[in-house]
>>> print(open('upload.pdb').read())   # PDB, C-alpha atoms and all ligand atoms
ATOM      1  CA  MET M 134      -6.831 -19.578 -39.725
ATOM      2  CA  SER M 135     -10.531 -20.301 -39.432
ATOM      3  CA  SER M 136     -11.823 -22.878 -37.008
ATOM      4  CA  VAL M 137     -14.782 -24.245 -38.937
ATOM      5  CA  ARG M 138     -15.347 -27.967 -38.649
ATOM      6  CA  ILE M 139     -16.504 -29.328 -41.969
ATOM      7  CA  PRO M 140     -19.078 -32.085 -41.611
ATOM      8  CA  ALA M 141     -18.549 -35.068 -43.891
ATOM      9  CA  PRO M 142     -20.732 -34.669 -46.982
ATOM     10  CA  PRO M 143     -23.109 -37.494 -47.872
ATOM     11  CA  SER M 144     -21.349 -40.176 -49.908
ATOM     12  CA  GLY M 145     -21.689 -39.746 -53.653
ATOM     13  CA  PRO M 146     -21.412 -42.534 -56.243
ATOM     14  CA  LEU M 147     -17.663 -42.092 -56.686
ATOM     15  CA  GLU M 148     -17.100 -42.283 -52.950
ATOM     16  CA  THR M 149     -19.171 -45.449 -52.765
ATOM     17  CA  HIS M 150     -17.344 -47.158 -55.627
ATOM     18  CA  TYR M 151     -13.872 -45.915 -54.822
ATOM     19  CA  SER M 152     -12.161 -44.807 -51.660
ATOM     20  CA  TYR M 153     -12.026 -41.157 -52.660
ATOM     21  CA  THR M 154     -13.231 -38.326 -50.481
ATOM     22  CA  HIS M 155     -15.072 -35.718 -52.495
ATOM     23  CA  LEU M 156     -14.249 -32.132 -51.564
ATOM     24  CA  SER M 157     -15.935 -29.355 -53.497
ATOM     25  CA  ALA M 158     -14.089 -26.044 -53.387
ATOM     26  CA  GLY M 159     -17.340 -24.180 -54.105
ATOM     27  CA  ASP M 160     -19.197 -25.992 -51.291
ATOM     28  CA  LEU M 161     -16.399 -25.332 -48.796
ATOM     29  CA  LEU M 162     -16.413 -21.641 -49.722
ATOM     30  CA  ARG M 163     -20.205 -21.404 -49.494
ATOM     31  CA  LYS M 164     -20.185 -23.018 -46.037
ATOM     32  CA  GLU M 165     -17.490 -20.621 -44.896
ATOM     33  CA  CYS M 166     -19.425 -17.676 -46.311
ATOM     34  CA  HIS M 167     -22.556 -18.637 -44.354
ATOM     35  CA  ARG M 168     -20.698 -19.141 -41.087
ATOM     36  CA  THR M 169     -21.780 -16.254 -38.885
ATOM     37  CA  ASP M 170     -18.403 -15.716 -37.231
ATOM     38  CA  SER M 171     -16.315 -16.081 -40.373
ATOM     39  CA  GLU M 172     -13.831 -13.289 -41.017
ATOM     40  CA  PHE M 173     -14.141 -14.087 -44.750
ATOM     41  CA  SER M 174     -17.940 -13.827 -45.167
ATOM     42  CA  GLN M 175     -17.997 -10.406 -46.729
ATOM     43  CA  ILE M 176     -15.249 -10.968 -49.236
ATOM     44  CA  LEU M 177     -16.645 -14.379 -50.202
ATOM     45  CA  ASN M 178     -20.102 -12.958 -50.638
ATOM     46  CA  SER M 179     -18.861 -10.372 -53.070
ATOM     47  CA  CYS M 180     -16.904 -13.022 -55.039
ATOM     48  CA  PHE M 181     -20.042 -15.166 -55.368
ATOM     49  CA  GLN M 182     -22.081 -12.136 -56.426
ATOM     50  CA  ARG M 183     -19.598 -11.141 -59.099
ATOM     51  CA  GLY M 184     -19.039 -14.726 -60.280
ATOM     52  CA  GLU M 185     -15.347 -14.323 -59.515
ATOM     53  CA  PHE M 186     -13.011 -16.657 -57.712
ATOM     54  CA  ALA M 187     -12.222 -16.295 -54.053
ATOM     55  CA  PRO M 188      -8.680 -15.297 -53.071
ATOM     56  CA  VAL M 189      -6.440 -18.324 -53.289
ATOM     57  CA  GLU M 190      -5.361 -18.000 -49.642
ATOM     58  CA  ILE M 191      -8.908 -18.610 -48.404
ATOM     59  CA  THR M 192      -9.658 -21.568 -50.684
ATOM     60  CA  ILE M 193      -6.347 -23.210 -49.854
ATOM     61  CA  ILE M 194      -6.883 -22.837 -46.090
ATOM     62  CA  LEU M 195     -10.307 -24.486 -46.377
ATOM     63  CA  LEU M 196      -9.110 -27.306 -48.617
ATOM     64  CA  LYS M 197      -6.048 -28.019 -46.530
ATOM     65  CA  LYS M 198      -8.119 -28.109 -43.362
ATOM     66  CA  ALA M 199     -10.728 -30.443 -44.867
ATOM     67  CA  MET M 200      -8.006 -32.768 -46.193
ATOM     68  CA  GLU M 201      -6.169 -32.822 -42.874
ATOM     69  CA  GLU M 202      -9.367 -33.578 -40.953
ATOM     70  CA  THR M 203     -10.265 -36.417 -43.311
ATOM     71  CA  MET M 204      -6.784 -37.918 -43.133
ATOM     72  CA  LYS M 205      -6.802 -37.709 -39.352
ATOM     73  CA  SER M 206     -10.338 -38.791 -38.489
ATOM     74  CA  GLU M 207     -11.052 -41.263 -41.303
ATOM     75  CA  GLU M 208      -7.525 -42.240 -42.335
ATOM     76  CA  LYS M 209      -8.457 -41.619 -45.957
ATOM     77  CA  PHE M 210      -5.777 -40.219 -48.209
ATOM     78  CA  HIS M 211      -7.335 -40.026 -51.675
ATOM     79  CA  PHE M 212      -9.258 -36.932 -52.661
ATOM     80  CA  LEU M 213     -11.428 -35.895 -55.524
ATOM     81  CA  ILE M 214     -11.149 -32.128 -55.460
ATOM     82  CA  ASP M 215     -14.025 -30.628 -57.362
ATOM     83  CA  GLY M 216     -13.835 -27.202 -59.006
ATOM     84  CA  PHE M 217     -10.175 -26.622 -58.316
ATOM     85  CA  PRO M 218      -7.808 -25.043 -59.284
ATOM     86  CA  PRO M 219     -10.083 -22.552 -61.046
ATOM     87  CA  ASP M 220      -7.356 -20.175 -62.218
ATOM     88  CA  GLU M 221      -3.595 -19.838 -62.516
ATOM     89  CA  GLU M 222      -3.236 -18.081 -59.185
ATOM     90  CA  ASN M 223      -4.957 -20.958 -57.396
ATOM     91  CA  LEU M 224      -2.773 -23.409 -59.301
ATOM     92  CA  ARG M 225       0.334 -21.550 -58.108
ATOM     93  CA  GLY M 226      -0.970 -21.557 -54.519
ATOM     94  CA  TRP M 227      -1.682 -25.282 -54.702
ATOM     95  CA  THR M 228       1.735 -26.073 -56.184
ATOM     96  CA  LYS M 229       3.483 -24.015 -53.533
ATOM     97  CA  LEU M 230       1.633 -25.711 -50.695
ATOM     98  CA  MET M 231       1.454 -29.259 -52.013
ATOM     99  CA  ASP M 232       4.619 -29.738 -54.029
ATOM    100  CA  GLY M 233       6.112 -33.065 -52.973
ATOM    101  CA  LYS M 234       3.136 -33.744 -50.653
ATOM    102  CA  ALA M 235       0.288 -34.522 -53.025
ATOM    103  CA  ASP M 236       0.372 -36.445 -56.256
ATOM    104  CA  VAL M 237      -2.153 -35.200 -58.814
ATOM    105  CA  LYS M 238      -3.018 -38.364 -60.710
ATOM    106  CA  PHE M 239      -5.296 -36.781 -63.303
ATOM    107  CA  VAL M 240      -7.761 -33.989 -63.924
ATOM    108  CA  LEU M 241     -11.287 -34.940 -64.900
ATOM    109  CA  PHE M 242     -12.644 -32.469 -67.424
ATOM    110  CA  LEU M 243     -16.413 -32.751 -67.778
ATOM    111  CA  ASP M 244     -16.797 -30.964 -71.060
ATOM    112  CA  CYS M 245     -20.049 -29.565 -72.437
ATOM    113  CA  SER M 246     -21.193 -26.418 -74.184
ATOM    114  CA  ASN M 247     -21.763 -23.236 -72.218
ATOM    115  CA  GLU M 248     -25.406 -23.373 -73.245
ATOM    116  CA  ILE M 249     -26.005 -26.873 -71.829
ATOM    117  CA  CYS M 250     -24.139 -25.934 -68.686
ATOM    118  CA  LYS M 251     -26.203 -22.795 -68.239
ATOM    119  CA  ASN M 252     -29.510 -24.597 -68.798
ATOM    120  CA  ARG M 253     -28.589 -27.287 -66.267
ATOM    121  CA  CYS M 254     -27.685 -24.696 -63.659
ATOM    122  CA  LEU M 255     -30.940 -22.813 -64.303
ATOM    123  CA  GLU M 256     -32.826 -26.076 -63.789
ATOM    124  CA  ARG M 257     -30.819 -26.719 -60.624
ATOM    125  CA  GLY M 258     -31.606 -23.172 -59.498
ATOM    126  CA  LYS M 259     -35.274 -24.127 -59.063
ATOM    127  CA  SER M 260     -34.318 -26.088 -55.956
ATOM    128  CA  SER M 261     -30.644 -25.398 -55.129
ATOM    129  CA  GLY M 262     -31.233 -22.282 -53.063
ATOM    130  CA  ARG M 263     -28.055 -20.883 -54.627
ATOM    131  CA  ASP M 264     -28.102 -17.156 -55.348
ATOM    132  CA  ASP M 265     -25.766 -17.643 -58.296
ATOM    133  CA  ASP M 266     -27.901 -20.158 -60.241
ATOM    134  CA  ASN M 267     -29.586 -17.394 -62.222
ATOM    135  CA  SER M 268     -29.091 -16.204 -65.762
ATOM    136  CA  GLU M 269     -27.127 -13.053 -64.947
ATOM    137  CA  SER M 270     -24.689 -14.761 -62.531
ATOM    138  CA  LEU M 271     -24.260 -17.678 -64.902
ATOM    139  CA  GLU M 272     -23.183 -15.336 -67.714
ATOM    140  CA  ARG M 273     -20.558 -13.889 -65.369
ATOM    141  CA  ARG M 274     -19.419 -17.333 -64.200
ATOM    142  CA  ILE M 275     -19.048 -18.535 -67.794
ATOM    143  CA  HIS M 276     -17.065 -15.422 -68.652
ATOM    144  CA  THR M 277     -14.751 -16.055 -65.677
ATOM    145  CA  TYR M 278     -14.418 -19.710 -66.687
ATOM    146  CA  VAL M 279     -13.409 -18.884 -70.274
ATOM    147  CA  LYS M 280     -10.960 -16.210 -69.182
ATOM    148  CA  SER M 281      -9.399 -17.872 -66.134
ATOM    149  CA  THR M 282     -10.099 -21.618 -65.974
ATOM    150  CA  ARG M 283      -9.454 -22.535 -69.600
ATOM    151  CA  PRO M 284      -5.730 -21.659 -69.348
ATOM    152  CA  VAL M 285      -5.400 -24.014 -66.352
ATOM    153  CA  ILE M 286      -7.001 -26.835 -68.353
ATOM    154  CA  GLU M 287      -4.585 -26.149 -71.206
ATOM    155  CA  ARG M 288      -1.662 -26.255 -68.816
ATOM    156  CA  TYR M 289      -2.714 -29.658 -67.435
ATOM    157  CA  GLU M 290      -3.356 -30.824 -70.999
ATOM    158  CA  LYS M 291       0.295 -30.186 -71.860
ATOM    159  CA  GLN M 292       1.270 -32.341 -68.874
ATOM    160  CA  GLY M 293      -0.936 -35.180 -70.168
ATOM    161  CA  LYS M 294      -3.117 -35.003 -67.052
ATOM    162  CA  ILE M 295      -6.511 -34.214 -68.609
ATOM    163  CA  ARG M 296      -9.116 -36.965 -68.891
ATOM    164  CA  SER M 297     -11.821 -35.372 -70.982
ATOM    165  CA  ILE M 298     -15.389 -36.627 -70.853
ATOM    166  CA  ASP M 299     -18.275 -35.567 -73.059
ATOM    167  CA  ALA M 300     -20.622 -34.306 -70.354
ATOM    168  CA  SER M 301     -23.398 -33.249 -72.713
ATOM    169  CA  ARG M 302     -24.920 -36.760 -72.453
ATOM    170  CA  SER M 303     -27.114 -38.325 -69.762
ATOM    171  CA  ILE M 304     -25.977 -38.728 -66.142
ATOM    172  CA  SER M 305     -25.613 -42.507 -66.525
ATOM    173  CA  GLU M 306     -23.546 -42.225 -69.714
ATOM    174  CA  VAL M 307     -21.268 -39.603 -68.182
ATOM    175  CA  PHE M 308     -20.904 -41.633 -65.011
ATOM    176  CA  ALA M 309     -19.984 -44.769 -66.991
ATOM    177  CA  ASP M 310     -17.117 -42.857 -68.606
ATOM    178  CA  VAL M 311     -16.004 -41.342 -65.306
ATOM    179  CA  LYS M 312     -16.047 -44.815 -63.787
ATOM    180  CA  SER M 313     -13.867 -46.233 -66.529
ATOM    181  CA  VAL M 314     -11.276 -43.498 -65.899
ATOM    182  CA  PHE M 315     -11.265 -44.446 -62.213
ATOM    183  CA  ASP M 316     -11.149 -48.176 -63.021
ATOM    184  CA  ARG M 317      -8.117 -47.574 -65.200
ATOM    185  CA  GLU M 318      -6.228 -45.072 -63.126
ATOM    186  CA  GLY M 319      -7.961 -44.447 -59.801
TER
HETATM  187  O1  LIG M 401     -18.005 -24.624 -58.402
HETATM  188  P1  LIG M 401     -19.188 -23.815 -57.958
HETATM  189  O2  LIG M 401     -20.198 -23.644 -59.036
HETATM  190  O3  LIG M 401     -19.758 -24.313 -56.679
HETATM  191  O4  LIG M 401     -18.604 -22.372 -57.677
HETATM  192  C1  LIG M 401     -19.433 -21.315 -57.260
HETATM  193  C2  LIG M 401     -18.610 -20.094 -56.927
HETATM  194  O5  LIG M 401     -17.660 -20.408 -55.907
HETATM  195  C3  LIG M 401     -17.757 -19.561 -58.076
HETATM  196  O6  LIG M 401     -18.494 -18.720 -58.924
HETATM  197  C4  LIG M 401     -16.690 -18.802 -57.304
HETATM  198  O7  LIG M 401     -17.175 -17.554 -56.846
HETATM  199  C5  LIG M 401     -16.456 -19.697 -56.096
HETATM  200  N1  LIG M 401     -15.348 -20.654 -56.295
HETATM  201  C6  LIG M 401     -14.064 -20.219 -56.067
HETATM  202  N2  LIG M 401     -13.006 -21.076 -56.179
HETATM  203  C7  LIG M 401     -13.219 -22.359 -56.542
HETATM  204  C8  LIG M 401     -14.519 -22.841 -56.805
HETATM  205  C9  LIG M 401     -15.572 -21.949 -56.660
HETATM  206  O8  LIG M 401     -13.861 -19.047 -55.743
HETATM  207  N3  LIG M 401     -12.157 -23.161 -56.635
HETATM  208 MG    MG M 402     -19.196 -27.206 -57.858
END
>>> encode(input="upload.pdb", output="structure tokens")
Amino acid sequence: MSSVRIPAPPSGPLETHYSYTHLSAGDLLRKECHRTDSEFSQILNSCFQRGEFAPVEITIILLKKAMEETMKSEEKFHFLIDGFPPDEENLRGWTKLMDGKADVKFVLFLDCSNEICKNRCLERGKSSGRDDDNSESLERRIHTYVKSTRPVIERYEKQGKIRSIDASRSISEVFADVKSVFDREG
């Protein structure tokens, strides 16, 4: 078990409007990867490079720890978990760990074409400092998404949990739709 302490991220719009704590699986993994004494650095680095998902055990440890810290120090019990579960193995790991403990209210699916997504990430890459916001990595990440994440979305769809939003529009339009999902069901 790693002993990283995850600093609270700056509040985003959803955290300001609603009492949800935003946890990004990708951000937690990146922080862990950059931690000098992390036993997982090497393996995480190679996952990022290849555009593949980290082993479920690592992601789950980090998420669980961040959730426990938030519940303990801030007494907040609602989470918006971003970028998770990215594949069926992670979904199995989550179900095993959280069955009966966490209630998944819904899954927000911000849907847009691969091309729009890629162009936005390339634009972000000008200032993000992320090694994987480049054309080659993005092709690999999209490939991984189609192969591994799509089936998870379909599974949640069958359970009636997906709230799909057309994310090809402007930030304010997308946010208005996200907000109405939270107003209705958050
Ligand atoms: O979601 P984000 O774009 O931050 O993800 C970047 C990388 O983090 C992914 O390409 C993958 O290597 C890793 N990741 C993961 N498991 C997740 C989310 C992200 O392994 N649940
Ligand atoms: Mg992300």
>>> resolve_selection(input="upload.pdb", expression="the PyMOL selection byres (((chain M and resi 188) around 9) and not hetatm)", output="list in words")
Ile176, Leu177, Cys180, Phe186, Ala187, Val189, Glu190, Ile191, Thr192, Ile193, Glu222 and Asn223 of chain M
>>> closest_residue(input="upload.pdb", among="M:Lys238, M:Leu195, M:Arg257, M:Gly159", to="Ser171 in chain M", atoms="only C-alpha atoms")
M:Leu195
>>> resolve_selection(input="upload.pdb", expression="the PyMOL selection byres (((chain M and resi 286) around 12) and not hetatm)", output="MDAnalysis selection string")
chainID M and resid 216:221 224 239:244 278:285 287:297
>>> residues_around(input="upload.pdb", residues="range 213-215 of chain M", least_positions_apart="3", cutoff="7 Å", atoms="all atoms listed in the file", output="MDAnalysis selection string")
chainID M and resid 153:158
>>> write_last_selection(input="upload.pdb", atoms="C-alpha atoms", output="mmCIF file, in the frame of the given file")
data_model
loop_
_atom_site.group_PDB
_atom_site.id
_atom_site.type_symbol
_atom_site.label_atom_id
_atom_site.label_comp_id
_atom_site.auth_asym_id
_atom_site.auth_seq_id
_atom_site.Cartn_x
_atom_site.Cartn_y
_atom_site.Cartn_z
ATOM 1 C CA TYR M 153 -12.026 -41.157 -52.660
ATOM 2 C CA THR M 154 -13.231 -38.326 -50.481
ATOM 3 C CA HIS M 155 -15.072 -35.718 -52.495
ATOM 4 C CA LEU M 156 -14.249 -32.132 -51.564
ATOM 5 C CA SER M 157 -15.935 -29.355 -53.497
ATOM 6 C CA ALA M 158 -14.089 -26.044 -53.387
#
>>> closest_residue(input="upload.pdb", among="M:Asp264, M:Asp299, M:Asp232, M:Glu185", to="Cys245 in chain M", atoms="only C-alpha atoms")
M:Asp299
>>> resolve_selection(input="upload.pdb", expression="the PyMOL selection byres (((chain M and resi 308) around 12) and not hetatm)", output="list in words")
Gly145, Pro146, Leu147, His150, Leu241, Leu243, Ile298, Asp299, Ala300, Ser301, Arg302, Ser303, Ile304, Ser305, Glu306, Val307, Ala309, Asp310, Val311, Lys312, Ser313, Val314, Phe315 and Asp316 of chain M
>>> closest_residue(input="upload.pdb", among="M:Glu318, M:Asp266, M:Glu207, M:Glu172", to="ligand MG 402 (chain M)", atoms="all atoms listed in the file")
M:Asp266
>>> atom_distance(input="upload.pdb", atom1="CA of Asp265 in chain M", atom2="CA of Leu161 in chain M")
15.4 Å
